[in-house]
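Source file: query.cif. Holds: mmCIF, N, CA and C atoms.
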```
data_my_file
loop_
_atom_site.label_atom_id
_atom_site.label_comp_id
_atom_site.auth_asym_id
_atom_site.auth_seq_id
_atom_site.Cartn_x
_atom_site.Cartn_y
_atom_site.Cartn_z
N MET A 1 -57.47 64.34 -35.60
CA MET A 1 -56.57 63.81 -34.63
C MET A 1 -56.42 64.79 -33.46
N LEU A 2 -56.29 66.05 -33.76
CA LEU A 2 -56.15 67.05 -32.69
C LEU A 2 -57.38 67.07 -31.80
N ASP A 3 -58.55 66.86 -32.40
CA ASP A 3 -59.77 66.82 -31.58
C ASP A 3 -59.70 65.67 -30.57
N GLN A 4 -59.21 64.52 -31.01
CA GLN A 4 -59.09 63.35 -30.12
C GLN A 4 -58.08 63.62 -29.00
N VAL A 5 -56.90 64.09 -29.37
CA VAL A 5 -55.82 64.31 -28.40
C VAL A 5 -56.19 65.38 -27.38
N SER A 6 -56.98 66.34 -27.80
CA SER A 6 -57.34 67.43 -26.88
C SER A 6 -58.49 67.08 -25.93
N GLN A 7 -59.09 65.93 -26.10
CA GLN A 7 -60.16 65.51 -25.19
C GLN A 7 -59.60 65.27 -23.79
N PRO A 8 -60.29 65.71 -22.75
CA PRO A 8 -59.79 65.55 -21.39
C PRO A 8 -59.50 64.09 -21.00
N ALA A 9 -60.26 63.17 -21.51
CA ALA A 9 -60.09 61.77 -21.13
C ALA A 9 -58.97 61.07 -21.91
N PHE A 10 -58.45 61.71 -22.96
CA PHE A 10 -57.46 61.06 -23.81
C PHE A 10 -56.18 60.73 -23.04
N LEU A 11 -55.64 61.69 -22.32
CA LEU A 11 -54.40 61.47 -21.59
C LEU A 11 -54.57 60.39 -20.53
N LYS A 12 -55.67 60.42 -19.81
CA LYS A 12 -55.93 59.40 -18.79
C LYS A 12 -56.02 58.02 -19.43
N SER A 13 -56.66 57.95 -20.57
CA SER A 13 -56.79 56.67 -21.27
C SER A 13 -55.42 56.14 -21.70
N ALA A 14 -54.56 57.02 -22.21
CA ALA A 14 -53.22 56.61 -22.61
C ALA A 14 -52.40 56.14 -21.41
N VAL A 15 -52.51 56.85 -20.30
CA VAL A 15 -51.80 56.45 -19.07
C VAL A 15 -52.30 55.10 -18.59
N ASP A 16 -53.61 54.93 -18.56
CA ASP A 16 -54.20 53.65 -18.13
C ASP A 16 -53.76 52.51 -19.04
N SER A 17 -53.70 52.75 -20.34
CA SER A 17 -53.25 51.72 -21.28
C SER A 17 -51.79 51.35 -21.02
N GLY A 18 -50.96 52.34 -20.72
CA GLY A 18 -49.56 52.07 -20.40
C GLY A 18 -49.42 51.22 -19.15
N LEU A 19 -50.21 51.52 -18.13
CA LEU A 19 -50.17 50.72 -16.91
C LEU A 19 -50.65 49.29 -17.17
N TYR A 20 -51.67 49.15 -17.98
CA TYR A 20 -52.19 47.83 -18.30
C TYR A 20 -51.15 47.04 -19.11
N LEU A 21 -50.54 47.68 -20.10
CA LEU A 21 -49.51 47.01 -20.89
C LEU A 21 -48.36 46.55 -20.00
N GLU A 22 -47.92 47.40 -19.12
CA GLU A 22 -46.82 47.03 -18.22
C GLU A 22 -47.20 45.85 -17.33
N SER A 23 -48.39 45.87 -16.77
CA SER A 23 -48.80 44.77 -15.89
C SER A 23 -48.93 43.46 -16.67
N GLU A 24 -49.43 43.52 -17.89
CA GLU A 24 -49.57 42.32 -18.71
C GLU A 24 -48.20 41.79 -19.14
N LEU A 25 -47.27 42.68 -19.45
CA LEU A 25 -45.91 42.24 -19.78
C LEU A 25 -45.22 41.62 -18.56
N GLN A 26 -45.46 42.17 -17.38
CA GLN A 26 -44.90 41.58 -16.16
C GLN A 26 -45.46 40.18 -15.94
N ARG A 27 -46.74 40.01 -16.16
CA ARG A 27 -47.37 38.70 -16.02
C ARG A 27 -46.78 37.72 -17.03
N LEU A 28 -46.63 38.15 -18.27
CA LEU A 28 -46.04 37.31 -19.32
C LEU A 28 -44.60 36.94 -18.96
N SER A 29 -43.85 37.90 -18.49
CA SER A 29 -42.46 37.67 -18.10
C SER A 29 -42.36 36.65 -16.98
N ALA A 30 -43.20 36.79 -15.98
CA ALA A 30 -43.19 35.87 -14.84
C ALA A 30 -43.57 34.45 -15.30
N ARG A 31 -44.55 34.35 -16.17
CA ARG A 31 -45.02 33.04 -16.63
C ARG A 31 -43.95 32.30 -17.41
N HIS A 32 -43.13 33.03 -18.16
CA HIS A 32 -42.17 32.39 -19.06
C HIS A 32 -40.72 32.57 -18.61
N GLY A 33 -40.50 33.09 -17.42
CA GLY A 33 -39.14 33.24 -16.91
C GLY A 33 -38.31 34.24 -17.69
N LEU A 34 -38.94 35.29 -18.15
CA LEU A 34 -38.24 36.32 -18.91
C LEU A 34 -37.71 37.39 -17.94
N GLY A 35 -37.11 38.43 -18.48
CA GLY A 35 -36.48 39.45 -17.66
C GLY A 35 -37.39 40.62 -17.33
N GLU A 36 -36.75 41.71 -17.02
CA GLU A 36 -37.47 42.89 -16.52
C GLU A 36 -38.11 43.68 -17.65
N ILE A 37 -39.04 44.52 -17.24
CA ILE A 37 -39.71 45.45 -18.14
C ILE A 37 -39.04 46.81 -17.92
N ARG A 38 -38.65 47.44 -19.01
CA ARG A 38 -38.03 48.76 -18.92
C ARG A 38 -38.88 49.75 -19.70
N GLY A 39 -38.76 51.01 -19.34
CA GLY A 39 -39.45 52.06 -20.05
C GLY A 39 -40.54 52.69 -19.20
N ARG A 40 -41.37 53.43 -19.88
CA ARG A 40 -42.42 54.18 -19.18
C ARG A 40 -43.62 54.37 -20.11
N GLY A 41 -44.79 54.33 -19.52
CA GLY A 41 -46.00 54.55 -20.30
C GLY A 41 -46.19 53.46 -21.33
N LEU A 42 -46.44 53.87 -22.56
CA LEU A 42 -46.65 52.91 -23.65
C LEU A 42 -45.36 52.59 -24.40
N LEU A 43 -44.24 53.15 -23.98
CA LEU A 43 -42.94 52.87 -24.60
C LEU A 43 -42.17 51.94 -23.67
N LEU A 44 -42.34 50.65 -23.89
CA LEU A 44 -41.77 49.66 -22.97
C LEU A 44 -40.92 48.65 -23.73
N ALA A 45 -40.01 48.02 -22.99
CA ALA A 45 -39.18 46.94 -23.54
C ALA A 45 -39.21 45.77 -22.58
N LEU A 46 -39.09 44.58 -23.13
CA LEU A 46 -39.08 43.35 -22.35
C LEU A 46 -37.77 42.62 -22.62
N ASP A 47 -37.02 42.33 -21.55
CA ASP A 47 -35.78 41.57 -21.65
C ASP A 47 -36.14 40.10 -21.81
N LEU A 48 -35.68 39.48 -22.88
CA LEU A 48 -36.02 38.08 -23.17
C LEU A 48 -35.04 37.09 -22.53
N LYS A 49 -33.88 37.56 -22.14
CA LYS A 49 -32.81 36.73 -21.55
C LYS A 49 -32.15 35.80 -22.57
N LEU A 50 -32.71 35.65 -23.74
CA LEU A 50 -32.17 34.81 -24.80
C LEU A 50 -32.23 35.57 -26.12
N PRO A 51 -31.35 35.27 -27.07
CA PRO A 51 -31.36 35.99 -28.35
C PRO A 51 -32.43 35.44 -29.31
N ILE A 52 -33.69 35.56 -28.91
CA ILE A 52 -34.80 35.02 -29.70
C ILE A 52 -35.74 36.11 -30.23
N GLY A 53 -35.31 37.36 -30.12
CA GLY A 53 -36.17 38.47 -30.51
C GLY A 53 -36.63 38.43 -31.95
N ALA A 54 -35.70 38.18 -32.87
CA ALA A 54 -36.05 38.17 -34.30
C ALA A 54 -37.08 37.10 -34.61
N SER A 55 -36.93 35.94 -33.99
CA SER A 55 -37.88 34.85 -34.22
C SER A 55 -39.27 35.23 -33.69
N ILE A 56 -39.31 35.83 -32.51
CA ILE A 56 -40.61 36.24 -31.95
C ILE A 56 -41.26 37.30 -32.83
N VAL A 57 -40.47 38.27 -33.28
CA VAL A 57 -41.00 39.33 -34.15
C VAL A 57 -41.59 38.71 -35.42
N ALA A 58 -40.88 37.77 -36.03
CA ALA A 58 -41.36 37.14 -37.27
C ALA A 58 -42.65 36.36 -37.04
N GLN A 59 -42.71 35.62 -35.95
CA GLN A 59 -43.91 34.84 -35.66
C GLN A 59 -45.09 35.76 -35.33
N ALA A 60 -44.82 36.81 -34.59
CA ALA A 60 -45.89 37.77 -34.26
C ALA A 60 -46.40 38.45 -35.52
N PHE A 61 -45.49 38.84 -36.41
CA PHE A 61 -45.88 39.48 -37.66
C PHE A 61 -46.77 38.56 -38.49
N ALA A 62 -46.39 37.27 -38.54
CA ALA A 62 -47.20 36.30 -39.28
C ALA A 62 -48.60 36.18 -38.69
N ALA A 63 -48.73 36.47 -37.40
CA ALA A 63 -50.04 36.43 -36.73
C ALA A 63 -50.74 37.78 -36.75
N GLY A 64 -50.15 38.78 -37.42
CA GLY A 64 -50.78 40.09 -37.53
C GLY A 64 -50.45 41.05 -36.41
N VAL A 65 -49.38 40.76 -35.65
CA VAL A 65 -48.98 41.62 -34.53
C VAL A 65 -47.63 42.23 -34.87
N LEU A 66 -47.55 43.55 -34.80
CA LEU A 66 -46.32 44.25 -35.13
C LEU A 66 -45.60 44.69 -33.86
N ILE A 67 -44.41 44.10 -33.62
CA ILE A 67 -43.54 44.50 -32.52
C ILE A 67 -42.14 44.64 -33.07
N ASN A 68 -41.22 45.08 -32.24
CA ASN A 68 -39.87 45.36 -32.67
C ASN A 68 -38.88 44.68 -31.74
N SER A 69 -37.74 44.29 -32.28
CA SER A 69 -36.67 43.71 -31.47
C SER A 69 -35.39 44.49 -31.77
N PRO A 70 -35.14 45.58 -31.03
CA PRO A 70 -33.97 46.40 -31.32
C PRO A 70 -32.65 45.70 -30.97
N GLN A 71 -32.73 44.71 -30.11
CA GLN A 71 -31.59 43.88 -29.74
C GLN A 71 -32.06 42.43 -29.78
N PRO A 72 -31.15 41.49 -30.02
CA PRO A 72 -31.57 40.09 -30.14
C PRO A 72 -32.29 39.54 -28.91
N ASP A 73 -32.03 40.13 -27.74
CA ASP A 73 -32.62 39.60 -26.51
C ASP A 73 -33.64 40.55 -25.88
N ALA A 74 -34.27 41.38 -26.71
CA ALA A 74 -35.26 42.32 -26.18
C ALA A 74 -36.36 42.59 -27.19
N LEU A 75 -37.55 42.84 -26.67
CA LEU A 75 -38.68 43.27 -27.50
C LEU A 75 -39.03 44.69 -27.09
N ARG A 76 -39.41 45.51 -28.05
CA ARG A 76 -39.83 46.88 -27.77
C ARG A 76 -41.29 47.04 -28.19
N PHE A 77 -42.03 47.73 -27.35
CA PHE A 77 -43.46 47.96 -27.59
C PHE A 77 -43.72 49.46 -27.67
N MET A 78 -44.37 49.88 -28.77
CA MET A 78 -44.69 51.28 -28.99
C MET A 78 -46.07 51.40 -29.63
N PRO A 79 -47.10 50.96 -28.93
CA PRO A 79 -48.44 51.04 -29.54
C PRO A 79 -48.92 52.48 -29.65
N ALA A 80 -49.91 52.65 -30.48
CA ALA A 80 -50.53 53.97 -30.63
C ALA A 80 -51.09 54.44 -29.30
N LEU A 81 -51.14 55.73 -29.12
CA LEU A 81 -51.65 56.29 -27.87
C LEU A 81 -53.11 55.93 -27.62
N ASN A 82 -53.83 55.58 -28.67
CA ASN A 82 -55.25 55.22 -28.50
C ASN A 82 -55.47 53.71 -28.51
N VAL A 83 -54.41 52.93 -28.22
CA VAL A 83 -54.54 51.48 -28.17
C VAL A 83 -55.56 51.09 -27.09
N THR A 84 -56.31 50.04 -27.35
CA THR A 84 -57.32 49.61 -26.38
C THR A 84 -56.79 48.45 -25.54
N ARG A 85 -57.45 48.22 -24.42
CA ARG A 85 -57.10 47.07 -23.58
C ARG A 85 -57.26 45.76 -24.35
N GLU A 86 -58.29 45.71 -25.18
CA GLU A 86 -58.53 44.51 -25.98
C GLU A 86 -57.37 44.26 -26.94
N GLU A 87 -56.87 45.31 -27.57
CA GLU A 87 -55.73 45.16 -28.49
C GLU A 87 -54.47 44.73 -27.73
N ILE A 88 -54.26 45.28 -26.56
CA ILE A 88 -53.12 44.88 -25.74
C ILE A 88 -53.26 43.42 -25.35
N SER A 89 -54.45 43.02 -24.95
CA SER A 89 -54.69 41.62 -24.56
C SER A 89 -54.45 40.67 -25.72
N GLU A 90 -54.88 41.05 -26.92
CA GLU A 90 -54.66 40.22 -28.10
C GLU A 90 -53.16 40.05 -28.36
N MET A 91 -52.39 41.13 -28.22
CA MET A 91 -50.95 41.06 -28.43
C MET A 91 -50.30 40.16 -27.38
N ILE A 92 -50.70 40.30 -26.13
CA ILE A 92 -50.15 39.48 -25.06
C ILE A 92 -50.49 38.01 -25.30
N ASP A 93 -51.73 37.73 -25.70
CA ASP A 93 -52.13 36.35 -25.99
C ASP A 93 -51.28 35.77 -27.12
N CYS A 94 -51.01 36.57 -28.14
CA CYS A 94 -50.18 36.13 -29.26
C CYS A 94 -48.77 35.81 -28.76
N LEU A 95 -48.18 36.72 -27.98
CA LEU A 95 -46.83 36.50 -27.44
C LEU A 95 -46.80 35.29 -26.53
N ASP A 96 -47.82 35.11 -25.74
CA ASP A 96 -47.89 33.96 -24.84
C ASP A 96 -47.87 32.66 -25.66
N ALA A 97 -48.67 32.60 -26.71
CA ALA A 97 -48.70 31.41 -27.56
C ALA A 97 -47.35 31.15 -28.21
N ILE A 98 -46.68 32.20 -28.65
CA ILE A 98 -45.35 32.06 -29.25
C ILE A 98 -44.36 31.53 -28.22
N MET A 99 -44.42 32.05 -27.00
CA MET A 99 -43.50 31.61 -25.95
C MET A 99 -43.77 30.16 -25.55
N VAL A 100 -45.02 29.76 -25.50
CA VAL A 100 -45.37 28.37 -25.19
C VAL A 100 -44.79 27.44 -26.27
N LYS A 101 -44.96 27.83 -27.53
CA LYS A 101 -44.44 27.03 -28.63
C LYS A 101 -42.91 26.97 -28.58
N ALA A 102 -42.26 28.08 -28.26
CA ALA A 102 -40.80 28.11 -28.16
C ALA A 102 -40.31 27.21 -27.03
N ARG A 103 -41.01 27.23 -25.91
CA ARG A 103 -40.63 26.38 -24.78
C ARG A 103 -40.76 24.90 -25.15
N ALA A 104 -41.84 24.56 -25.86
CA ALA A 104 -42.04 23.17 -26.28
C ALA A 104 -40.94 22.76 -27.25
N ALA A 105 -40.54 23.65 -28.15
CA ALA A 105 -39.49 23.34 -29.11
C ALA A 105 -38.15 23.13 -28.41
N ARG A 106 -37.88 23.91 -27.37
CA ARG A 106 -36.62 23.73 -26.63
C ARG A 106 -36.61 22.39 -25.91
N ARG A 107 -37.76 21.94 -25.42
CA ARG A 107 -37.81 20.65 -24.74
C ARG A 107 -37.55 19.49 -25.69
N VAL A 108 -38.03 19.63 -26.93
CA VAL A 108 -37.85 18.58 -27.93
C VAL A 108 -36.40 18.53 -28.40
N ALA A 109 -35.76 19.71 -28.51
CA ALA A 109 -34.40 19.77 -29.05
C ALA A 109 -33.35 19.17 -28.16
#
```

What does this structure look like when you write it as structure tokens?
Amino acid sequence: MLDQVSQPAFLKSAVDSGLYLESELQRLSARHGLGEIRGRGLLLALDLKLPIGASIVAQAFAAGVLINSPQPDALRFMPALNVTREEISEMIDCLDAIMVKARAARRVA
């Protein structure tokens, strides 16, 4: 692990991943009318505006995605420092599908 972390490109890769995660969360938020993104780097939170965090966490977990909801109306993201763009994209796609399904369920209710 120390060999990986000490590589010159490691820090740049982690910074780039944080920027990518933030931009993808902003896109997801805009698409679904969610709130602001808080945090820095790879430690980010998304304001959901509704107390649906636990439901999203459960659905994401069932799909193999591990996220956290420290408050009912927020999601917290803390991926590994070596997370890839592909892994971030998979997580965003999973969250997008969950949000689409939640929106459809609200329309039916």

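Atom CA of Ala60 of chain A sits 7.6 Å away from atom CA of Ile98 of chain A.
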
*Taking the file above as input, evaluate the PyMOL selection byres ((chain A and resi 71-83) around 6.5) and report the hits as number ranges by chain.*
A: 13-14, 17, 42-54, 67-70, 84-88

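Take atom N of Ala30 of chain A and atom C of Lys12 of chain A: the distance between them is 25.0 Å.
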
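Between atom CA of Met91 of chain A and atom N of Leu28 of chain A lies a distance of 11.4 Å.
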
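Among the candidates A:Ala104, A:Val5, A:Ala58, A:Met99, the one nearest to His32 of chain A when counting all atoms listed in the file is A:Met99.
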
_Nearby residues, (-47.5, 51.9, -18.9) file frame, 6 Å, only C-alpha atoms, as an MDAnalysis selection string_ = chainID A and resid 18:19 21:22 40:42

_When DSSP is applied to the backbone of this structure, which of chain A are assigned helix (DSSP H, G or I)? Write them out as a PyMOL selection string._
chain A and resi 2-5+8-32+53-62+85-108

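Closest approach to Val100 of chain A among A:Gly33, A:Glu24, A:Gly39, A:Val57: A:Gly33, based on only C-alpha atoms.
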